[in-house]
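Shown below: run-v7.cif, with mmCIF, C-alpha atoms.
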data_upload
#
loop_
_atom_site.label_atom_id
_atom_site.label_comp_id
_atom_site.auth_asym_id
_atom_site.auth_seq_id
_atom_site.Cartn_x
_atom_site.Cartn_y
_atom_site.Cartn_z
CA MET A 96 102.35 -203.23 -27.91
CA SER A 97 100.22 -205.10 -30.44
CA GLU A 98 96.71 -203.75 -30.98
CA PHE A 99 95.22 -206.99 -29.69
CA ALA A 100 97.85 -207.89 -27.08
CA ALA A 101 95.47 -207.49 -24.12
CA ALA A 102 92.88 -209.72 -25.74
CA ARG A 103 95.47 -212.38 -26.55
CA THR A 104 96.65 -212.30 -22.95
CA LEU A 105 93.07 -212.78 -21.77
CA ILE A 106 92.59 -215.72 -24.14
CA GLN A 107 95.80 -217.35 -22.96
CA MET A 108 95.40 -216.71 -19.24
CA ALA A 109 91.65 -217.16 -18.69
CA GLU A 110 90.87 -219.96 -16.24
CA LEU A 111 88.65 -222.41 -18.10
CA PRO A 112 87.00 -225.45 -16.51
CA PRO A 113 88.98 -228.70 -16.98
CA VAL A 114 88.34 -230.37 -20.34
CA ALA A 115 88.03 -233.71 -18.53
CA ALA A 116 84.99 -232.41 -16.64
CA PHE A 117 83.02 -232.47 -19.90
CA ALA A 118 84.47 -235.58 -21.53
CA ALA A 119 81.29 -237.58 -20.86
CA ASP A 120 79.21 -234.88 -22.57
CA SER A 121 80.91 -235.28 -25.94
CA ILE A 122 78.27 -236.16 -28.53
CA GLU A 123 78.49 -237.90 -31.87
CA GLY A 124 78.45 -235.26 -34.58
CA GLY A 125 79.30 -232.54 -32.09
CA GLY A 126 81.82 -229.84 -32.84
CA MET A 127 81.93 -227.18 -35.53
CA PRO A 128 79.40 -227.74 -38.35
CA THR A 129 79.93 -226.80 -41.98
CA PHE A 130 78.87 -223.20 -42.43
CA ASP A 131 77.27 -221.78 -45.58
CA VAL A 132 77.10 -218.02 -46.23
CA ASP A 133 73.92 -218.48 -48.30
CA LYS A 134 71.90 -220.25 -45.61
CA ASP A 135 70.21 -219.48 -42.32
CA GLN A 136 71.81 -221.77 -39.74
CA ALA A 137 71.50 -222.44 -36.03
CA LEU A 138 73.64 -224.31 -33.53
CA VAL A 139 73.69 -224.96 -29.82
CA VAL A 140 76.76 -223.60 -28.03
CA GLY A 141 76.30 -224.88 -24.49
CA SER A 142 73.42 -222.87 -23.01
CA ASN A 143 73.40 -220.51 -26.01
CA VAL A 144 71.44 -221.06 -29.24
CA VAL A 145 73.19 -219.08 -31.98
CA SER A 146 71.40 -218.30 -35.25
CA PHE A 147 73.11 -216.93 -38.35
CA THR A 148 71.19 -215.21 -41.11
CA ASN A 149 72.23 -215.69 -44.72
CA GLY A 150 74.92 -213.25 -45.80
CA VAL A 151 77.11 -213.78 -42.73
CA GLU A 152 80.35 -215.25 -44.08
CA ALA A 153 81.32 -218.78 -43.06
CA ASP A 154 84.63 -217.71 -41.48
CA PHE A 155 82.82 -215.21 -39.28
CA ARG A 156 80.25 -217.82 -38.26
CA GLN A 157 83.02 -220.08 -37.03
CA ALA A 158 84.88 -217.26 -35.27
CA ILE A 159 81.70 -216.03 -33.58
CA SER A 160 80.78 -219.55 -32.45
CA ASP A 161 84.24 -220.07 -31.00
CA SER A 162 84.16 -216.64 -29.33
CA ALA A 163 80.78 -217.42 -27.77
CA LEU A 164 82.11 -220.74 -26.47
CA PHE A 165 85.27 -219.14 -25.08
CA ALA A 166 83.24 -216.44 -23.30
CA GLN A 167 80.96 -219.10 -21.83
CA LEU A 168 83.87 -221.24 -20.63
CA ALA A 169 85.69 -218.22 -19.18
CA THR A 170 82.50 -217.29 -17.32
CA LEU A 171 82.08 -220.84 -15.98
CA GLY A 172 85.69 -220.75 -14.83
CA LYS A 173 85.26 -217.39 -13.10
CA VAL A 174 81.78 -217.38 -11.55
CA GLY A 175 80.87 -221.09 -11.62
CA VAL A 176 77.64 -222.86 -12.54
CA ASN A 177 75.72 -221.76 -9.45
CA ALA A 178 76.22 -218.00 -9.88
CA ASP A 179 73.28 -215.64 -10.17
CA PRO A 180 72.27 -215.92 -13.87
CA MET A 181 72.41 -212.18 -14.43
CA ALA A 182 75.93 -212.07 -12.96
CA PHE A 183 76.77 -214.90 -15.35
CA THR A 184 75.40 -212.87 -18.27
CA ASP A 185 77.27 -209.72 -17.21
CA TYR A 186 80.61 -211.55 -17.08
CA TYR A 187 79.86 -213.32 -20.38
CA LEU A 188 79.14 -210.06 -22.16
CA GLY A 189 82.14 -208.40 -20.52
CA THR A 190 84.36 -211.14 -21.92
CA LEU A 191 82.99 -210.61 -25.42
CA LEU A 192 83.71 -206.88 -25.14
CA LYS A 193 87.34 -207.68 -24.39
CA LEU A 194 87.43 -209.73 -27.60
CA GLY A 195 86.37 -206.78 -29.76
CA TRP A 196 82.59 -206.89 -29.48
CA MET A 197 80.91 -203.54 -28.73
CA VAL A 198 77.61 -202.80 -26.94
CA GLN A 199 75.19 -200.68 -28.94
CA LYS A 200 72.35 -201.01 -26.41
CA ARG A 201 71.50 -203.02 -23.30
CA ASP A 202 68.31 -203.53 -21.35
CA THR A 203 67.46 -205.71 -18.35
CA GLY A 204 64.21 -206.45 -16.58
CA GLU A 205 61.79 -209.05 -15.27
CA PHE A 206 58.95 -210.74 -17.10
CA THR A 207 55.51 -209.55 -15.95
CA TYR A 208 52.89 -212.27 -15.62
CA LYS A 209 49.51 -211.79 -17.28
CA GLY A 210 47.92 -214.78 -15.58
CA ASP A 211 48.51 -217.32 -12.85
CA SER A 212 50.89 -219.39 -14.97
CA PHE A 213 52.79 -219.20 -18.25
CA ASP A 214 55.07 -221.46 -20.27
CA VAL A 215 58.66 -220.24 -20.53
CA HIS A 216 58.81 -220.62 -24.30
CA GLU A 217 55.61 -218.56 -24.69
CA ALA A 218 56.98 -215.80 -22.47
CA VAL A 219 60.27 -215.81 -24.37
CA ILE A 220 58.50 -215.62 -27.74
CA GLY A 221 56.75 -212.41 -26.64
CA LEU A 222 60.00 -210.83 -25.46
CA ILE A 223 61.89 -211.86 -28.60
CA THR A 224 59.14 -210.50 -30.85
CA THR A 225 59.28 -207.08 -29.21
CA PHE A 226 63.08 -206.88 -29.03
CA LEU A 227 63.74 -207.95 -32.63
CA ALA A 228 60.79 -206.14 -34.23
CA PRO A 229 62.98 -203.40 -35.79
CA ILE A 230 65.01 -206.00 -37.73
CA SER A 231 63.16 -207.42 -40.72
CA GLY A 232 62.69 -211.18 -40.42
CA ALA A 233 64.77 -211.51 -37.25
CA ALA A 234 61.98 -212.36 -34.82
CA ALA A 235 60.50 -214.96 -37.18
CA ALA A 236 63.90 -216.60 -37.64
CA VAL A 237 64.69 -216.84 -33.92
CA ILE A 238 61.17 -217.96 -33.01
CA ALA A 239 61.40 -220.69 -35.69
CA VAL A 240 64.54 -221.97 -33.99
CA LEU A 241 62.87 -221.76 -30.57
CA LYS A 242 59.84 -223.68 -31.83
CA GLY A 243 62.16 -226.20 -33.44
CA LEU A 244 63.77 -226.81 -30.05
CA HIS A 245 60.36 -227.07 -28.44
CA ASN A 246 59.10 -229.64 -30.96
CA MET A 247 62.20 -231.83 -31.11
CA ASN A 248 62.57 -235.08 -29.18
CA ALA A 249 63.87 -234.17 -25.72
CA SER A 250 66.47 -236.96 -25.99
CA ALA A 251 68.08 -235.50 -29.14
CA PRO A 252 71.81 -234.96 -28.46
CA PHE A 253 71.77 -231.19 -28.92
CA ILE A 254 68.71 -230.85 -26.66
CA THR A 255 70.46 -232.91 -24.00
CA LEU A 256 73.57 -230.73 -24.36
CA PHE A 257 71.51 -227.53 -24.06
CA ASN A 258 69.62 -228.74 -20.98
CA LYS A 259 72.79 -229.88 -19.22
CA GLN A 260 74.42 -226.48 -19.63
CA SER A 261 71.34 -224.37 -18.95
CA VAL A 262 69.98 -226.02 -15.79
CA HIS A 263 71.69 -226.03 -12.39
CA GLY A 264 69.49 -227.00 -9.45
CA THR A 265 66.75 -224.40 -9.00
CA ILE A 266 68.48 -221.91 -11.34
CA GLY A 267 68.24 -221.94 -15.11
CA HIS A 268 69.75 -219.63 -17.71
CA PHE A 269 69.96 -219.66 -21.49
CA GLN A 270 70.59 -217.34 -24.40
CA MET A 271 69.31 -216.86 -27.92
CA THR A 272 71.77 -215.01 -30.19
CA TYR A 273 70.89 -213.72 -33.66
CA VAL A 274 73.85 -212.78 -35.87
CA HIS A 275 73.24 -210.63 -38.94
CA MET A 276 74.63 -207.86 -41.12
CA ASP A 277 73.42 -204.44 -39.97
CA PRO A 278 73.50 -201.49 -42.43
CA ASP A 279 74.75 -199.10 -39.72
CA HIS A 280 77.05 -201.26 -37.57
CA GLY A 281 78.13 -204.08 -39.88
CA LEU A 282 78.37 -207.55 -38.36
CA SER A 283 76.04 -207.52 -35.36
CA ALA A 284 74.62 -209.86 -32.73
CA GLU A 285 71.34 -209.56 -30.88
CA VAL A 286 71.84 -211.32 -27.52
CA MET A 287 68.77 -212.36 -25.52
CA ALA A 288 69.64 -213.87 -22.12
CA PHE A 289 67.02 -215.35 -19.82
CA ALA A 290 67.22 -216.39 -16.16
CA LEU A 291 64.71 -218.62 -14.42
CA ASP A 292 64.57 -218.91 -10.63
CA ALA A 293 62.35 -221.61 -9.15
CA ASP A 294 61.49 -222.99 -5.73
CA ASN A 295 61.93 -226.59 -6.84
CA LYS A 296 64.69 -228.33 -8.79
CA LEU A 297 64.53 -227.74 -12.54
CA THR A 298 65.04 -230.41 -15.18
CA GLN A 299 64.85 -228.07 -18.19
CA VAL A 300 64.05 -224.42 -18.88
CA LEU A 301 62.44 -223.98 -22.30
CA PHE A 302 59.41 -226.15 -21.55
CA PHE A 303 58.95 -225.14 -17.92
CA ARG A 304 55.64 -223.71 -16.65
CA LEU A 305 56.03 -220.50 -14.69
CA THR A 306 53.82 -219.77 -11.70
CA LYS A 307 53.69 -216.50 -9.81
CA LYS A 308 54.26 -218.08 -6.43
CA ARG A 309 57.08 -220.44 -7.42
CA THR A 310 59.15 -218.88 -10.21
CA HIS A 311 60.16 -215.67 -11.93
CA LEU A 312 61.83 -214.97 -15.25
CA ARG A 313 64.43 -212.24 -15.76
CA ARG A 314 65.89 -211.11 -19.05
CA SER A 315 68.89 -209.19 -20.34
CA LEU A 316 68.79 -207.96 -23.94
CA ALA A 317 71.77 -206.49 -25.78
CA THR A 318 72.68 -205.42 -29.29
CA LEU A 319 76.38 -205.92 -30.00
CA SER A 320 78.45 -204.99 -33.02
CA ILE A 321 81.50 -207.06 -33.87
CA ASP A 322 84.90 -205.68 -34.86
CA THR A 323 85.63 -207.92 -37.85
CA ALA A 324 89.34 -207.05 -37.81
CA ALA A 325 89.59 -208.07 -34.15
CA ILE A 326 87.66 -211.30 -34.51
CA THR A 327 89.71 -212.28 -37.57
CA ALA A 328 93.00 -211.54 -35.81
CA LEU A 329 92.04 -213.24 -32.53
CA HIS A 330 90.25 -216.29 -33.86
CA PRO A 331 93.36 -218.50 -34.17
CA ASN A 332 94.13 -217.86 -30.49
CA ILE A 333 90.53 -218.52 -29.44
CA ALA A 334 90.27 -221.67 -31.56
CA ALA A 335 93.44 -223.09 -30.03
CA ARG A 336 92.08 -222.53 -26.52
CA ILE A 337 88.65 -224.10 -27.00
CA LYS A 338 89.20 -226.79 -29.66
CA ASP A 339 89.12 -229.62 -27.12
CA TYR A 340 85.75 -228.43 -25.78
CA ARG A 341 83.87 -228.23 -29.07
CA THR A 342 82.38 -231.73 -29.18
CA SER A 343 81.03 -231.29 -25.65
CA PHE A 344 79.53 -227.84 -26.20
CA ILE A 345 78.73 -227.28 -29.88
CA ALA A 346 76.09 -229.14 -31.86
CA ASP A 347 74.37 -228.34 -35.13
CA ALA A 348 70.64 -227.73 -34.66
CA PRO A 349 69.11 -229.73 -37.52
CA PHE A 350 66.12 -227.55 -38.32
CA GLY A 351 65.73 -224.52 -40.51
CA PRO A 352 63.47 -221.47 -40.57
CA VAL A 353 59.72 -221.94 -40.85
CA GLU A 354 56.93 -219.58 -41.70
CA ALA A 355 56.13 -217.18 -38.86
#
What is this file in structure tokens?
Amino acid sequence: MSEFAAARTLIQMAELPPVAAFAADSIEGGGMPTFDVDKDQALVVGSNVVSFTNGVEADFRQAISDSALFAQLATLGKVGVNADPMAFTDYYLGTLLKLGWMVQKRDTGEFTYKGDSFDVHEAVIGLITTFLAPISGAAAAVIAVLKGLHNMNASAPFITLFNKQSVHGTIGHFQMTYVHMDPDHGLSAEVMAFALDADNKLTQVLFFRLTKKRTHLRRSLATLSIDTAAITALHPNIAARIKDYRTSFIADAPFGPVEA
């Protein structure tokens, strides 16, 4: 049996949501951007904001983006949009593991309030800063992207795409993923998943104000290493499965890193 036969079977047989269900979400300029190994880049992949540091090769950026989209679609097809956000994250990460990603560490928990209310993006910045502190420049890069999202016009196509995929009734979930070259584990991804549960219907998650009596924020943090041989071998299969979804789920985030 081929080394990657099980993964190819998963890619072929996974139940993905119908393409037609997202036809209206297709945005002008959506789809796979042009990647540059010498630049920091960020893009929205559904409810996931993926950042690449310079030095990550363009082919890997495309393969990782497609893998992230496939895992998200497979999760939507399996657990649905109304699943508990942490169950969504568990299935998403489990799918990536079957595609050759490997967990180096994982941590879950709930955000602890320090006052009566708190903005989601401020809470997330604190968690990101602590989690990415051991990686030089990582926290500043991801926070720059987060602030870019916060400061952009809410009607921008990629913001609209992100909000549509991250908000479902009173439940919200989103991810920030930082992809970089690690001296010990090679190509690596820091995955930061956040779940917001509210009493009232949400319209967005990043700019929402948390209150102790009405909402709580959970988080799941993971460091993953990526088997470059696996992702190279499997990418043609993944790309074929998700190509018709790209313009509805992937959009270039047109802002770069800023000073921390």
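The space between atom CA of A:Leu191 and atom CA of A:Ser162 spans 7.3 Å.
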Report as a ChimeraX atom specification the residues that result from applying the PyMOL selection byres ((chain A and resi 109) around 12) to the structure here.
/A:101-108,110-113,165-173,190,193,333,336-337
Using only C-alpha atoms, pick whichever of A:Leu194, A:Ala334, A:Val144, A:Ala235 has the shortest atom-to-atom distance to A:Asp322.
A:Leu194
Just so the selection is clear, what residues does the PyMOL selection byres ((chain A and resi 268-279) around 8) cover here, as a PyMOL selection string?
chain A and resi 142-151+180+233+237+261-262+266-267+280-291+300
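Minimum atom-to-atom distance to A:Leu222, evaluated using only C-alpha atoms, belongs to A:Phe206 out of A:Tyr340, A:Phe155, A:Tyr187, A:Phe206.
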What's the 12 Å shell around A:Thr310, counting all atoms listed in the file, without same-chain residues fewer than 5 positions away, as JSON, numbers by chain?
{"A": [205, 206, 207, 208, 211, 212, 213, 214, 215, 265, 266, 267, 290, 291, 292, 293, 294, 295, 296, 297, 300, 303, 304, 305]}
Of the candidates A:Val240, A:Val219, A:Leu319, A:Leu312, which shows the shortest atom-to-atom distance to A:Lys200, using all atoms listed in the file?
A:Leu319
